[in-house]
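Enquirer: My file is protein.cif. It has mmCIF, C-alpha atoms:
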```cif
data_coords
#
loop_
_atom_site.label_atom_id
_atom_site.label_comp_id
_atom_site.auth_asym_id
_atom_site.auth_seq_id
_atom_site.Cartn_x
_atom_site.Cartn_y
_atom_site.Cartn_z
CA MET A 1 11.75 -85.78 100.55
CA MET A 2 10.09 -89.04 99.51
CA ASN A 3 9.76 -91.66 102.22
CA PRO A 4 8.41 -94.88 100.67
CA ALA A 5 8.80 -96.68 104.03
CA ARG A 6 5.53 -95.12 105.14
CA SER A 7 2.46 -97.11 104.18
CA LEU A 8 -0.20 -95.79 101.86
CA GLY A 9 -2.65 -95.95 104.75
CA ASP A 10 -0.40 -93.64 106.78
CA HIS A 11 -0.33 -91.12 103.95
CA LEU A 12 -4.09 -91.18 103.39
CA ARG A 13 -4.92 -90.99 107.09
CA GLU A 14 -2.58 -88.05 107.61
CA TRP A 15 -4.07 -86.03 104.76
CA ARG A 16 -7.63 -86.94 105.69
CA GLN A 17 -7.01 -85.77 109.24
CA ARG A 18 -5.24 -82.66 107.99
CA ARG A 19 -8.41 -81.82 106.08
CA ARG A 20 -10.39 -82.46 109.28
CA LEU A 21 -12.51 -85.20 107.75
CA SER A 22 -13.75 -88.34 109.44
CA GLN A 23 -13.61 -91.59 107.50
CA LEU A 24 -17.35 -91.35 106.86
CA GLU A 25 -17.17 -87.74 105.69
CA PHE A 26 -14.30 -88.44 103.33
CA ALA A 27 -15.87 -91.64 102.02
CA LEU A 28 -19.04 -89.72 101.15
CA GLU A 29 -17.01 -86.97 99.48
CA ALA A 30 -14.93 -89.47 97.50
CA ASP A 31 -18.01 -91.54 96.59
CA ILE A 32 -16.68 -94.80 98.03
CA SER A 33 -17.84 -96.89 100.96
CA GLN A 34 -16.49 -96.20 104.42
CA ARG A 35 -15.62 -99.90 104.65
CA HIS A 36 -13.47 -99.69 101.52
CA LEU A 37 -11.71 -96.56 102.81
CA SER A 38 -11.12 -98.21 106.17
CA PHE A 39 -9.57 -101.24 104.45
CA ILE A 40 -7.26 -98.99 102.40
CA GLU A 41 -6.12 -97.03 105.46
CA SER A 42 -5.52 -100.22 107.44
CA GLY A 43 -3.61 -101.89 104.60
CA ARG A 44 -6.17 -104.64 104.12
CA ALA A 45 -6.94 -103.41 100.60
CA LEU A 46 -4.80 -101.77 97.93
CA PRO A 47 -6.52 -99.32 95.56
CA SER A 48 -5.89 -99.11 91.86
CA ARG A 49 -3.73 -96.24 90.68
CA GLU A 50 -6.85 -94.51 89.34
CA MET A 51 -8.60 -94.81 92.71
CA LEU A 52 -5.53 -93.56 94.54
CA MET A 53 -5.29 -90.52 92.26
CA HIS A 54 -8.99 -89.88 92.83
CA LEU A 55 -8.59 -89.98 96.60
CA ALA A 56 -5.55 -87.69 96.46
CA GLU A 57 -7.46 -85.24 94.27
CA ARG A 58 -10.42 -85.16 96.66
CA LEU A 59 -8.05 -84.51 99.56
CA GLU A 60 -6.28 -81.77 97.58
CA VAL A 61 -2.94 -83.42 98.26
CA PRO A 62 -0.13 -81.30 96.71
CA LEU A 63 1.49 -82.90 93.67
CA ARG A 64 4.79 -83.11 95.56
CA GLU A 65 3.13 -85.41 98.11
CA ARG A 66 1.25 -87.54 95.62
CA ASN A 67 4.43 -89.18 94.32
CA PRO A 68 5.27 -90.69 97.75
CA MET A 69 1.69 -91.98 97.98
CA LEU A 70 2.07 -93.69 94.61
CA LEU A 71 5.39 -95.23 95.68
CA ALA A 72 3.86 -96.46 98.92
CA ALA A 73 1.16 -98.22 96.89
CA GLY A 74 3.75 -99.83 94.59
CA PHE A 75 3.22 -97.50 91.61
CA ALA A 76 5.75 -95.33 89.81
CA PRO A 77 5.64 -91.58 90.44
CA VAL A 78 3.82 -89.68 87.69
CA PHE A 79 4.52 -86.04 88.50
CA PRO A 80 7.94 -84.81 87.32
CA GLU A 81 9.81 -82.07 89.17
CA ARG A 82 11.98 -80.07 86.81
CA LYS A 83 13.90 -76.87 87.30
CA LEU A 84 12.36 -73.81 85.74
CA ASP A 85 15.23 -73.56 83.23
CA ASP A 86 14.53 -77.08 81.97
CA PRO A 87 13.75 -76.98 78.20
CA ALA A 88 10.49 -78.81 78.89
CA LEU A 89 9.29 -75.85 80.94
CA ALA A 90 10.35 -73.23 78.39
CA PRO A 91 6.73 -72.35 77.45
CA ALA A 92 5.88 -71.84 81.11
CA ARG A 93 8.96 -69.70 81.67
CA ARG A 94 8.04 -67.54 78.68
CA ALA A 95 4.54 -67.12 80.10
CA ILE A 96 5.99 -66.02 83.45
CA ASP A 97 8.31 -63.52 81.78
CA MET A 98 5.43 -62.14 79.70
CA LEU A 99 3.23 -61.71 82.76
CA LEU A 100 5.96 -59.95 84.72
CA LYS A 101 7.00 -57.68 81.87
CA GLY A 102 3.43 -56.95 80.84
CA HIS A 103 2.58 -55.76 84.33
CA GLU A 104 5.12 -52.93 84.25
CA PRO A 105 5.25 -50.15 85.40
CA PHE A 106 3.55 -51.89 88.33
CA PRO A 107 5.55 -54.41 90.42
CA ALA A 108 5.16 -58.15 90.05
CA LEU A 109 7.26 -61.13 91.11
CA ALA A 110 7.27 -64.92 90.93
CA VAL A 111 7.91 -67.07 94.02
CA ASP A 112 8.22 -70.77 94.78
CA ARG A 113 6.47 -72.74 97.51
CA HIS A 114 8.82 -71.37 100.19
CA TRP A 115 8.37 -67.77 99.05
CA MET A 116 11.83 -67.69 97.48
CA LEU A 117 12.09 -65.18 94.67
CA ILE A 118 12.22 -66.76 91.21
CA ALA A 119 11.92 -63.64 89.06
CA ALA A 120 10.76 -60.04 89.29
CA ASN A 121 10.03 -57.24 86.86
CA ALA A 122 11.88 -53.93 86.67
CA ALA A 123 9.32 -52.14 88.87
CA VAL A 124 10.30 -54.10 91.98
CA ALA A 125 13.91 -52.93 92.44
CA PRO A 126 13.11 -49.21 93.00
CA LEU A 127 10.77 -50.14 95.85
CA LEU A 128 13.59 -51.91 97.70
CA ALA A 129 15.63 -48.74 98.16
CA GLY A 130 16.20 -48.21 101.85
CA VAL A 131 16.61 -51.88 102.82
CA THR A 132 19.49 -51.65 105.31
CA ASP A 133 20.46 -55.34 105.48
CA ALA A 134 22.09 -56.29 102.18
CA SER A 135 21.80 -59.99 102.98
CA LEU A 136 18.03 -59.70 102.51
CA THR A 137 18.43 -58.71 98.85
CA GLU A 138 21.49 -60.77 97.89
CA GLY A 139 21.62 -64.43 96.95
CA PRO A 140 18.42 -66.41 97.49
CA ILE A 141 15.75 -63.89 98.50
CA ASN A 142 12.84 -64.88 100.69
CA VAL A 143 10.07 -62.41 99.92
CA LEU A 144 8.30 -62.74 103.26
CA ARG A 145 11.54 -62.29 105.20
CA LEU A 146 12.39 -59.24 103.09
CA SER A 147 8.95 -57.78 103.74
CA LEU A 148 8.77 -58.25 107.51
CA HIS A 149 12.37 -58.11 108.67
CA PRO A 150 13.10 -55.01 110.82
CA HIS A 151 15.99 -54.18 108.48
CA GLY A 152 13.99 -54.95 105.37
CA LEU A 153 10.84 -53.26 104.11
CA ALA A 154 9.05 -53.36 107.46
CA PRO A 155 10.10 -49.87 108.67
CA ARG A 156 8.66 -48.36 105.48
CA ILE A 157 5.32 -50.20 105.53
CA ALA A 158 2.84 -47.65 106.85
CA ASN A 159 0.23 -50.26 107.77
CA LEU A 160 2.70 -52.86 109.04
CA HIS A 161 0.36 -54.15 111.75
CA GLU A 162 -2.35 -55.27 109.31
CA TRP A 163 0.06 -56.23 106.48
CA ARG A 164 2.09 -58.41 108.88
CA ALA A 165 -1.10 -60.08 110.13
CA HIS A 166 -2.20 -60.66 106.54
CA LEU A 167 1.09 -62.30 105.49
CA LEU A 168 1.32 -64.48 108.59
CA GLU A 169 -2.26 -65.68 108.08
CA ARG A 170 -1.50 -66.56 104.47
CA LEU A 171 1.51 -68.51 105.66
CA ARG A 172 -0.57 -70.34 108.28
CA GLN A 173 -3.11 -71.31 105.63
CA GLN A 174 -0.32 -72.59 103.39
CA ILE A 175 1.08 -74.67 106.26
CA SER A 176 -2.39 -76.06 106.97
CA ALA A 177 -2.71 -77.09 103.32
CA THR A 178 0.78 -78.57 102.90
CA GLY A 179 2.30 -79.33 106.31
CA ASP A 180 5.63 -78.11 104.91
CA PRO A 181 8.26 -78.12 107.72
CA ILE A 182 10.29 -75.34 106.05
CA LEU A 183 7.22 -73.09 106.09
CA ILE A 184 6.62 -73.97 109.74
CA LYS A 185 10.15 -72.85 110.54
CA LEU A 186 9.69 -69.69 108.47
CA LEU A 187 6.48 -68.85 110.34
CA ALA A 188 8.28 -69.18 113.66
CA GLU A 189 11.05 -66.88 112.45
CA LEU A 190 8.71 -64.21 111.10
CA SER A 191 6.46 -64.33 114.17
CA ALA A 192 9.50 -63.60 116.34
CA TYR A 193 10.23 -60.32 114.58
CA PRO A 194 9.23 -57.23 116.61
CA ALA A 195 5.49 -56.75 116.27
CA PRO A 196 4.26 -53.22 115.53
CA PRO A 197 1.67 -51.68 117.85
CA ALA A 198 -1.96 -52.00 116.90
CA PRO A 199 -3.50 -48.89 115.33
CA LYS A 200 -5.05 -46.52 117.82
CA SER A 201 -8.80 -46.55 118.14
CA GLY A 202 -10.30 -44.21 115.60
CA ALA A 203 -7.41 -44.58 113.14
CA PRO A 204 -8.53 -44.35 109.50
CA GLU A 205 -9.59 -47.61 107.91
CA ARG A 206 -7.33 -48.90 105.14
CA ASP A 207 -9.12 -52.11 104.24
CA PHE A 208 -10.92 -50.80 101.14
CA ALA A 209 -14.40 -51.58 102.46
CA GLY A 210 -13.28 -55.02 103.57
CA ILE A 211 -12.44 -56.34 100.09
CA ALA A 212 -8.66 -56.48 100.49
CA VAL A 213 -5.70 -55.66 102.72
CA PRO A 214 -3.55 -53.04 100.98
CA LEU A 215 0.21 -52.67 101.12
CA GLU A 216 1.05 -49.07 101.99
CA LEU A 217 4.69 -48.29 101.35
CA VAL A 218 6.51 -45.07 102.17
CA THR A 219 9.09 -44.35 99.44
CA GLU A 220 11.12 -41.47 98.08
CA ALA A 221 8.35 -41.08 95.50
CA GLY A 222 5.75 -40.66 98.24
CA HIS A 223 3.20 -42.81 100.02
CA LEU A 224 2.30 -45.66 97.65
CA SER A 225 -0.73 -47.88 98.10
CA PHE A 226 -1.15 -51.28 96.44
CA LEU A 227 -3.69 -54.06 96.08
CA SER A 228 -2.26 -57.48 95.27
CA THR A 229 -3.39 -60.56 93.35
CA THR A 230 -1.96 -64.07 93.12
CA THR A 231 -1.78 -66.00 89.84
CA VAL A 232 -1.04 -69.72 89.59
CA PHE A 233 -0.86 -72.15 86.68
CA GLY A 234 -4.10 -73.96 85.98
CA THR A 235 -4.10 -77.78 86.16
CA PRO A 236 -0.30 -78.20 86.33
CA VAL A 237 1.18 -81.71 86.12
CA ASP A 238 4.72 -80.66 87.03
CA VAL A 239 5.61 -80.25 90.71
CA THR A 240 7.61 -77.06 90.12
CA LEU A 241 4.80 -75.34 88.24
CA SER A 242 2.19 -76.45 90.77
CA GLU A 243 4.11 -74.63 93.50
CA LEU A 244 4.87 -71.42 91.62
CA ALA A 245 2.86 -68.23 92.14
CA ILE A 246 3.00 -64.76 90.62
CA GLU A 247 2.27 -61.89 93.01
CA SER A 248 1.11 -58.79 91.13
CA PHE A 249 0.65 -55.40 92.76
CA PHE A 250 -1.81 -52.86 91.39
CA PRO A 251 -2.01 -49.17 92.31
CA ALA A 252 -4.85 -48.59 94.75
CA ASN A 253 -5.19 -44.94 93.81
CA PRO A 254 -4.27 -42.59 90.93
CA GLN A 255 -1.39 -41.04 92.88
CA THR A 256 0.36 -44.40 93.19
CA ALA A 257 -0.17 -45.14 89.50
CA GLU A 258 1.39 -41.84 88.46
CA ALA A 259 4.33 -42.27 90.84
CA LEU A 260 5.09 -45.73 89.48
CA LYS A 261 4.94 -44.53 85.89
CA ALA A 262 7.43 -41.78 86.78
CA MET A 263 9.75 -44.30 88.46
CA LEU A 264 9.80 -46.54 85.38
CA PRO A 265 9.53 -44.25 82.35
CA GLY A 266 9.09 -45.76 78.92
CA SER A 267 7.21 -48.83 80.14
#
```
Now, as a test, write the supplied structure out as structure tokens.
Expert:
Amino acid sequence: MMNPARSLGDHLREWRQRRRLSQLEFALEADISQRHLSFIESGRALPSREMLMHLAERLEVPLRERNPMLLAAGFAPVFPERKLDDPALAPARRAIDMLLKGHEPFPALAVDRHWMLIAANAAVAPLLAGVTDASLTEGPINVLRLSLHPHGLAPRIANLHEWRAHLLERLRQQISATGDPILIKLLAELSAYPAPPAPKSGAPERDFAGIAVPLELVTEAGHLSFLSTTTVFGTPVDVTLSELAIESFFPANPQTAEALKAMLPGS
């Protein structure tokens, strides 16, 4: 939520400190003098809109948070936030649908900044068989909650210990980058779920030579193993698009590929 009552200096200082930069370090990175930066943070100087956008870019401030900074400096917001079904975003929605459909018979899904499901391809639904809590798959679906909840996919994730650690670390990194209070609350919820025991010493490695953490899912079609990738829109200028990600899962072995093709024939 925008809060124009906060000064521009408050916004800049918070994001600079979030990035763990001193005034001198940030001034050098932004190619301005430390004195000028100090004056901006203290309210003794007001930057131009171009300078403010430059500082926000160097701090990697999310687009959602740049609008409040602009308001605090007396400028109009420049980044629209439209729903994905807005006609203006129709080309982006078509691109999302093409990516999801084109990835079949392998699963792929689109999520927003809070890991709420936006869309999924036909390969996802068969993998959710066995989820015992219907509330996890009805209405707004949080993908992380569905994955780690004890009545969700968690009981069928063979490497739950390392997959859980991987997801929680991704969430921590996202919180560090955005400071989003909803994600902070989600992290607390997920961390409170029963933690699986650590693998016994000597257990087989599943980290694919250290290049990735796989998702290993036990299904009616057998033991499936996936590697995942994340796709985001390049240089978005809309808040909604800047926060949207497509999670695509690829078979990590030939057995998984064949099983998925059998589960979704004709794709």
Enquirer: Residues at most 7 Å from stretch 65-67 of chain A, counting only C-alpha atoms, excluding those fewer than 5 positions away in the same chain, as a PyMOL selection string?
Expert: chain A and resi 56+77-79
Enquirer: Taking the file as shown, what set of residues would the PyMOL selection byres ((chain A and resi 23-27) around 10) give back, as a PyMOL selection string?
Expert: chain A and resi 13+16-17+19-22+28-38+41+55+58-59
Enquirer: List as a PDB file with C-alpha atoms, in the coordinates of the input the protein and nucleic acid residues near A:Trp115, meaning an atom at most 7 Å away when only C-alpha atoms are counted, but skip any in the same chain fewer than 3 places from it.
Expert:
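Just written: out-v4.pdb:
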```pdb
ATOM      1  CA  VAL A 111       7.910 -67.070  94.020  1.00  0.00           C
ATOM      2  CA  ASP A 112       8.220 -70.770  94.780  1.00  0.00           C
ATOM      3  CA  ASN A 142      12.840 -64.880 100.690  1.00  0.00           C
ATOM      4  CA  VAL A 143      10.070 -62.410  99.920  1.00  0.00           C
ATOM      5  CA  LEU A 144       8.300 -62.740 103.260  1.00  0.00           C
TER       6      LEU A 144
END
```
Enquirer: Please evaluate the PyMOL selection byres ((chain A and resi 248) around 12) against the displayed coordinates and give the resulting residues as a ChimeraX atom specification.
Expert: /A:96,99-111,120-121,123-124,215,226-232,245-247,249-251
Enquirer: Return as a PDB file with C-alpha atoms, in the coordinates of the input the set of residues that the PyMOL selection byres ((chain A and resi 160-177) around 10) yields on the displayed structure.
Expert:
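Contents of the output file out-v2.pdb:
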```pdb
ATOM      1  CA  TRP A  15      -4.070 -86.030 104.760  1.00  0.00           C
ATOM      2  CA  ARG A  18      -5.240 -82.660 107.990  1.00  0.00           C
ATOM      3  CA  ARG A  19      -8.410 -81.820 106.080  1.00  0.00           C
ATOM      4  CA  LEU A  59      -8.050 -84.510  99.560  1.00  0.00           C
ATOM      5  CA  GLU A  60      -6.280 -81.770  97.580  1.00  0.00           C
ATOM      6  CA  VAL A  61      -2.940 -83.420  98.260  1.00  0.00           C
ATOM      7  CA  PRO A  62      -0.130 -81.300  96.710  1.00  0.00           C
ATOM      8  CA  ARG A 113       6.470 -72.740  97.510  1.00  0.00           C
ATOM      9  CA  HIS A 114       8.820 -71.370 100.190  1.00  0.00           C
ATOM     10  CA  TRP A 115       8.370 -67.770  99.050  1.00  0.00           C
ATOM     11  CA  LEU A 144       8.300 -62.740 103.260  1.00  0.00           C
ATOM     12  CA  SER A 147       8.950 -57.780 103.740  1.00  0.00           C
ATOM     13  CA  LEU A 148       8.770 -58.250 107.510  1.00  0.00           C
ATOM     14  CA  LEU A 153      10.840 -53.260 104.110  1.00  0.00           C
ATOM     15  CA  ALA A 154       9.050 -53.360 107.460  1.00  0.00           C
ATOM     16  CA  PRO A 155      10.100 -49.870 108.670  1.00  0.00           C
ATOM     17  CA  ARG A 156       8.660 -48.360 105.480  1.00  0.00           C
ATOM     18  CA  ILE A 157       5.320 -50.200 105.530  1.00  0.00           C
ATOM     19  CA  ALA A 158       2.840 -47.650 106.850  1.00  0.00           C
ATOM     20  CA  ASN A 159       0.230 -50.260 107.770  1.00  0.00           C
ATOM     21  CA  THR A 178       0.780 -78.570 102.900  1.00  0.00           C
ATOM     22  CA  GLY A 179       2.300 -79.330 106.310  1.00  0.00           C
ATOM     23  CA  ASP A 180       5.630 -78.110 104.910  1.00  0.00           C
ATOM     24  CA  PRO A 181       8.260 -78.120 107.720  1.00  0.00           C
ATOM     25  CA  ILE A 182      10.290 -75.340 106.050  1.00  0.00           C
ATOM     26  CA  LEU A 183       7.220 -73.090 106.090  1.00  0.00           C
ATOM     27  CA  ILE A 184       6.620 -73.970 109.740  1.00  0.00           C
ATOM     28  CA  LEU A 186       9.690 -69.690 108.470  1.00  0.00           C
ATOM     29  CA  LEU A 187       6.480 -68.850 110.340  1.00  0.00           C
ATOM     30  CA  ALA A 188       8.280 -69.180 113.660  1.00  0.00           C
ATOM     31  CA  LEU A 190       8.710 -64.210 111.100  1.00  0.00           C
ATOM     32  CA  SER A 191       6.460 -64.330 114.170  1.00  0.00           C
ATOM     33  CA  ALA A 195       5.490 -56.750 116.270  1.00  0.00           C
ATOM     34  CA  PRO A 196       4.260 -53.220 115.530  1.00  0.00           C
ATOM     35  CA  PRO A 197       1.670 -51.680 117.850  1.00  0.00           C
ATOM     36  CA  ALA A 198      -1.960 -52.000 116.900  1.00  0.00           C
ATOM     37  CA  PRO A 199      -3.500 -48.890 115.330  1.00  0.00           C
ATOM     38  CA  ARG A 206      -7.330 -48.900 105.140  1.00  0.00           C
ATOM     39  CA  ASP A 207      -9.120 -52.110 104.240  1.00  0.00           C
ATOM     40  CA  ALA A 212      -8.660 -56.480 100.490  1.00  0.00           C
ATOM     41  CA  VAL A 213      -5.700 -55.660 102.720  1.00  0.00           C
ATOM     42  CA  PRO A 214      -3.550 -53.040 100.980  1.00  0.00           C
ATOM     43  CA  LEU A 215       0.210 -52.670 101.120  1.00  0.00           C
ATOM     44  CA  GLU A 216       1.050 -49.070 101.990  1.00  0.00           C
ATOM     45  CA  LEU A 217       4.690 -48.290 101.350  1.00  0.00           C
TER      46      LEU A 217
END
```
Enquirer: Distance atom CA of A:Arg64-atom CA of A:Val239, one decimal place?
Expert: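 Separation between atom CA of A:Arg64 and atom CA of A:Val239: 5.7 Å.
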Enquirer: Add whatever atoms are absent from stretch 101-112 of chain A to reach N, CA and C atoms, and provide the output as a short mmCIF file (atom, residue, chain, number, x, y, z; two decimals), in the frame of the given file.
Expert:
```cif
data_model
loop_
_atom_site.label_atom_id
_atom_site.label_comp_id
_atom_site.auth_asym_id
_atom_site.auth_seq_id
_atom_site.Cartn_x
_atom_site.Cartn_y
_atom_site.Cartn_z
N LYS A 101 6.69 -58.84 82.70
CA LYS A 101 7.00 -57.68 81.87
C LYS A 101 5.74 -56.89 81.53
N GLY A 102 4.67 -57.61 81.22
CA GLY A 102 3.43 -56.95 80.84
C GLY A 102 2.79 -56.16 81.96
N HIS A 103 3.17 -56.46 83.19
CA HIS A 103 2.58 -55.76 84.33
C HIS A 103 3.25 -54.42 84.62
N GLU A 104 4.43 -54.20 84.04
CA GLU A 104 5.12 -52.93 84.25
C GLU A 104 4.28 -51.77 83.72
N PRO A 105 4.30 -50.60 84.37
CA PRO A 105 5.25 -50.15 85.40
C PRO A 105 4.88 -50.54 86.83
N PHE A 106 3.95 -51.47 86.99
CA PHE A 106 3.55 -51.89 88.33
C PHE A 106 4.35 -53.14 88.72
N PRO A 107 4.68 -53.30 90.00
CA PRO A 107 5.55 -54.41 90.42
C PRO A 107 4.86 -55.76 90.39
N ALA A 108 5.65 -56.78 90.04
CA ALA A 108 5.16 -58.15 90.05
C ALA A 108 6.37 -59.07 90.21
N LEU A 109 6.16 -60.20 90.87
CA LEU A 109 7.26 -61.13 91.11
C LEU A 109 6.73 -62.55 91.17
N ALA A 110 7.61 -63.50 90.88
CA ALA A 110 7.27 -64.92 90.93
C ALA A 110 8.01 -65.57 92.09
N VAL A 111 7.31 -66.41 92.85
CA VAL A 111 7.91 -67.07 94.02
C VAL A 111 7.60 -68.56 93.98
N ASP A 112 8.46 -69.34 94.68
CA ASP A 112 8.22 -70.77 94.78
C ASP A 112 7.44 -71.07 96.05
#
```
